[in-house]
Amino acid sequence: MFNFFNKKSHVDNLEWLGVDIHSHLLPGLDDGSPDLATSIRLIGNLTGLGFRKLICTPHIFTELYPNSDKTILPALSAVQSAVADAKINVTIDAAAEYMVDETFEVKVPHLTLPGDFILVEMSYLNETPNIEQIIFELQIKGYKVILAHPERYLFYHLEKQRFDRLNDQGVCFQLNLLSVSGYYGKEVKKAAEYLLEKKYYDFAGTDLHHDKHLMALTDSVRTGLLHRKLGAYPFKNKEVFL
């Protein structure tokens, strides 16, 4: 006879993480949410998964998404008002995800996460040639650098000493939650597992852009997969940003 009491329970929410520090939920700014209605629907679903705070980080990428405070802050205000009207119990904030390429300027003021944390990314094709110098200059100006999804930079997979170097330089690493589910492929999953084992990650985020991400994330959460893989890891999302 089947014993219901032996059925293995699992944690099917993200309350243990609490804060999403990387998402593309502000409408019409990049390759994320296209409009306000979509933003509110995605936010409602993420709140249902257990997030208490969402920090939206639209791309600032000169070639494709030349955003600034003049585009990001009005979009944030519109989303905050719509969230309040919809009575969704979540805090919405915004910063940016900066593409560090030849157009990136260290000297200009930047949209940061609370505590002067700045979220940066590189091209998936090649390492930014002077990345260490840029990081150093940002640190000199008082910024704390978070490298978005290091596991997704394929050029590091065969040069893992580059992870060591960035970690030694004081760079914080941010994991994309879907990386451990295999969503981005086996090699990215393997790199994420390596960095988790090394305890190099400081933060985690959804990097959510659209419904496909939401469906994959929801499945990984509701089946208990993400909590099994990550629930015991000492991410600092709540400690630093809640």
# chains A, B, ... in the order shown; residues from 1 in each chain; ligands from 1
$ closest_atom_pairs --of "segment 11-112 of chain A" --to "segment 152-176 of chain A" --cutoff "12 Å" --atoms "only C-alpha atoms" --output "Markdown table"
| residue | atom | partner | partner_atom | distance |
| --- | --- | --- | --- | --- |
| A:Asp20 | CA | A:Asn176 | CA | 10.2 |
| A:Ile21 | CA | A:Gln174 | CA | 8.7 |
| A:His22 | CA | A:Asn176 | CA | 8.5 |
| A:Ser23 | CA | A:Asn176 | CA | 10.0 |
| A:Glu97 | CA | A:Gln174 | CA | 11.8 |
$ residues_around --residues "Ala192 of chain A" --least-positions-apart "4" --cutoff "7 Å" --atoms "only C-alpha atoms" --output "list in words"
Glu151, Ser179, Val180, Val188 and Leu196 of chain A
$ closest_residue --among "A:Gly50, A:Pro66, A:Pro58, A:Gly18" --to "Ser33 of chain A" --atoms "only C-alpha atoms"
A:Pro58
$ closest_residue --among "A:Val108, A:Leu25, A:Ile92, A:Val19" --to "His210 of chain A" --atoms "only C-alpha atoms"
A:Leu25
$ closest_residue --among "A:His10, A:His149, A:Lys53, A:His209" --to "Thr38 of chain A" --atoms "only C-alpha atoms"
A:His209
$ residues_around --residues "segment 218-230 of chain A" --least-positions-apart "6" --cutoff "9 Å" --atoms "only C-alpha atoms" --output "list of chain:residue names"
A:Ser9, A:His10, A:Val11, A:Asp12, A:Asn13, A:Leu14, A:Trp16, A:Asn45, A:Leu46, A:Leu49, A:Leu177, A:Leu178, A:Val180, A:Ser181, A:Leu196
$ residues_around --residues "Asp211 of chain A" --least-positions-apart "3" --cutoff "8 Å" --atoms "only C-alpha atoms" --output "PDB file with N, CA and C atoms, in the first residue's frame"
ATOM      1  N   LEU A  42       4.315  39.744 -14.824  1.00  0.00           N
ATOM      2  CA  LEU A  42       5.546  39.044 -14.438  1.00  0.00           C
ATOM      3  C   LEU A  42       5.863  39.292 -12.965  1.00  0.00           C
ATOM      4  N   LEU A 214      10.073  32.782 -17.124  1.00  0.00           N
ATOM      5  CA  LEU A 214       9.160  32.609 -15.994  1.00  0.00           C
ATOM      6  C   LEU A 214       8.689  31.161 -15.878  1.00  0.00           C
ATOM      7  N   MET A 215       8.335  30.558 -17.006  1.00  0.00           N
ATOM      8  CA  MET A 215       7.854  29.164 -16.972  1.00  0.00           C
ATOM      9  C   MET A 215       8.946  28.214 -16.494  1.00  0.00           C
TER      10      MET A 215
END
$ residues_around --residues "Ala96 of chain A" --least-positions-apart "5" --cutoff "7 Å" --atoms "only C-alpha atoms" --output "list in words"
Thr57, Pro58, His59, Ile60, Leu111, Thr112 and Leu119 of chain A
$ residues_around --residues "Thr62 of chain A" --least-positions-apart "5" --cutoff "12 Å" --atoms "only C-alpha atoms" --output "JSON, numbers by chain"
{"A": [30, 67, 68, 97, 98, 99, 100, 101, 102, 103, 104, 105]}
$ write_last_selection --atoms "C-alpha atoms" --output "CSV table (one decimal), in the first residue's frame"
chain,number,residue,atom,x,y,z
A,30,ASP,CA,15.4,46.6,-23.5
A,67,ASN,CA,19.4,53.8,-21.3
A,68,SER,CA,20.1,56.3,-18.5
A,97,GLU,CA,23.1,46.1,-15.9
A,98,TYR,CA,26.0,47.8,-17.6
A,99,MET,CA,27.7,46.3,-20.6
A,100,VAL,CA,31.4,46.9,-20.1
A,101,ASP,CA,32.8,47.5,-23.5
A,102,GLU,CA,34.8,50.2,-25.3
A,103,THR,CA,32.0,52.7,-24.7
A,104,PHE,CA,31.7,52.2,-21.0
A,105,GLU,CA,32.9,55.2,-19.0
$ atom_distance --atom1 "atom CA of Ala37 of chain A" --atom2 "atom CA of Asp207 of chain A"
18.9 Å
$ select_by_dssp --residues "segment 52-238 of chain A" --states "strand (DSSP E or B)" --output "VMD selection string"
chain A and resid 53 to 56 59 to 61 65 91 to 94 97 to 99 113 117 to 121 144 to 148 172 to 176 201 to 205 208
$ atom_distance --atom1 "atom CA of Glu121 of chain A" --atom2 "atom CA of Ala148 of chain A"
5.4 Å
$ closest_residue --among "A:Lys236, A:Leu208, A:Thr128, A:Lys189" --to "Asp31 of chain A" --atoms "only C-alpha atoms"
A:Leu208
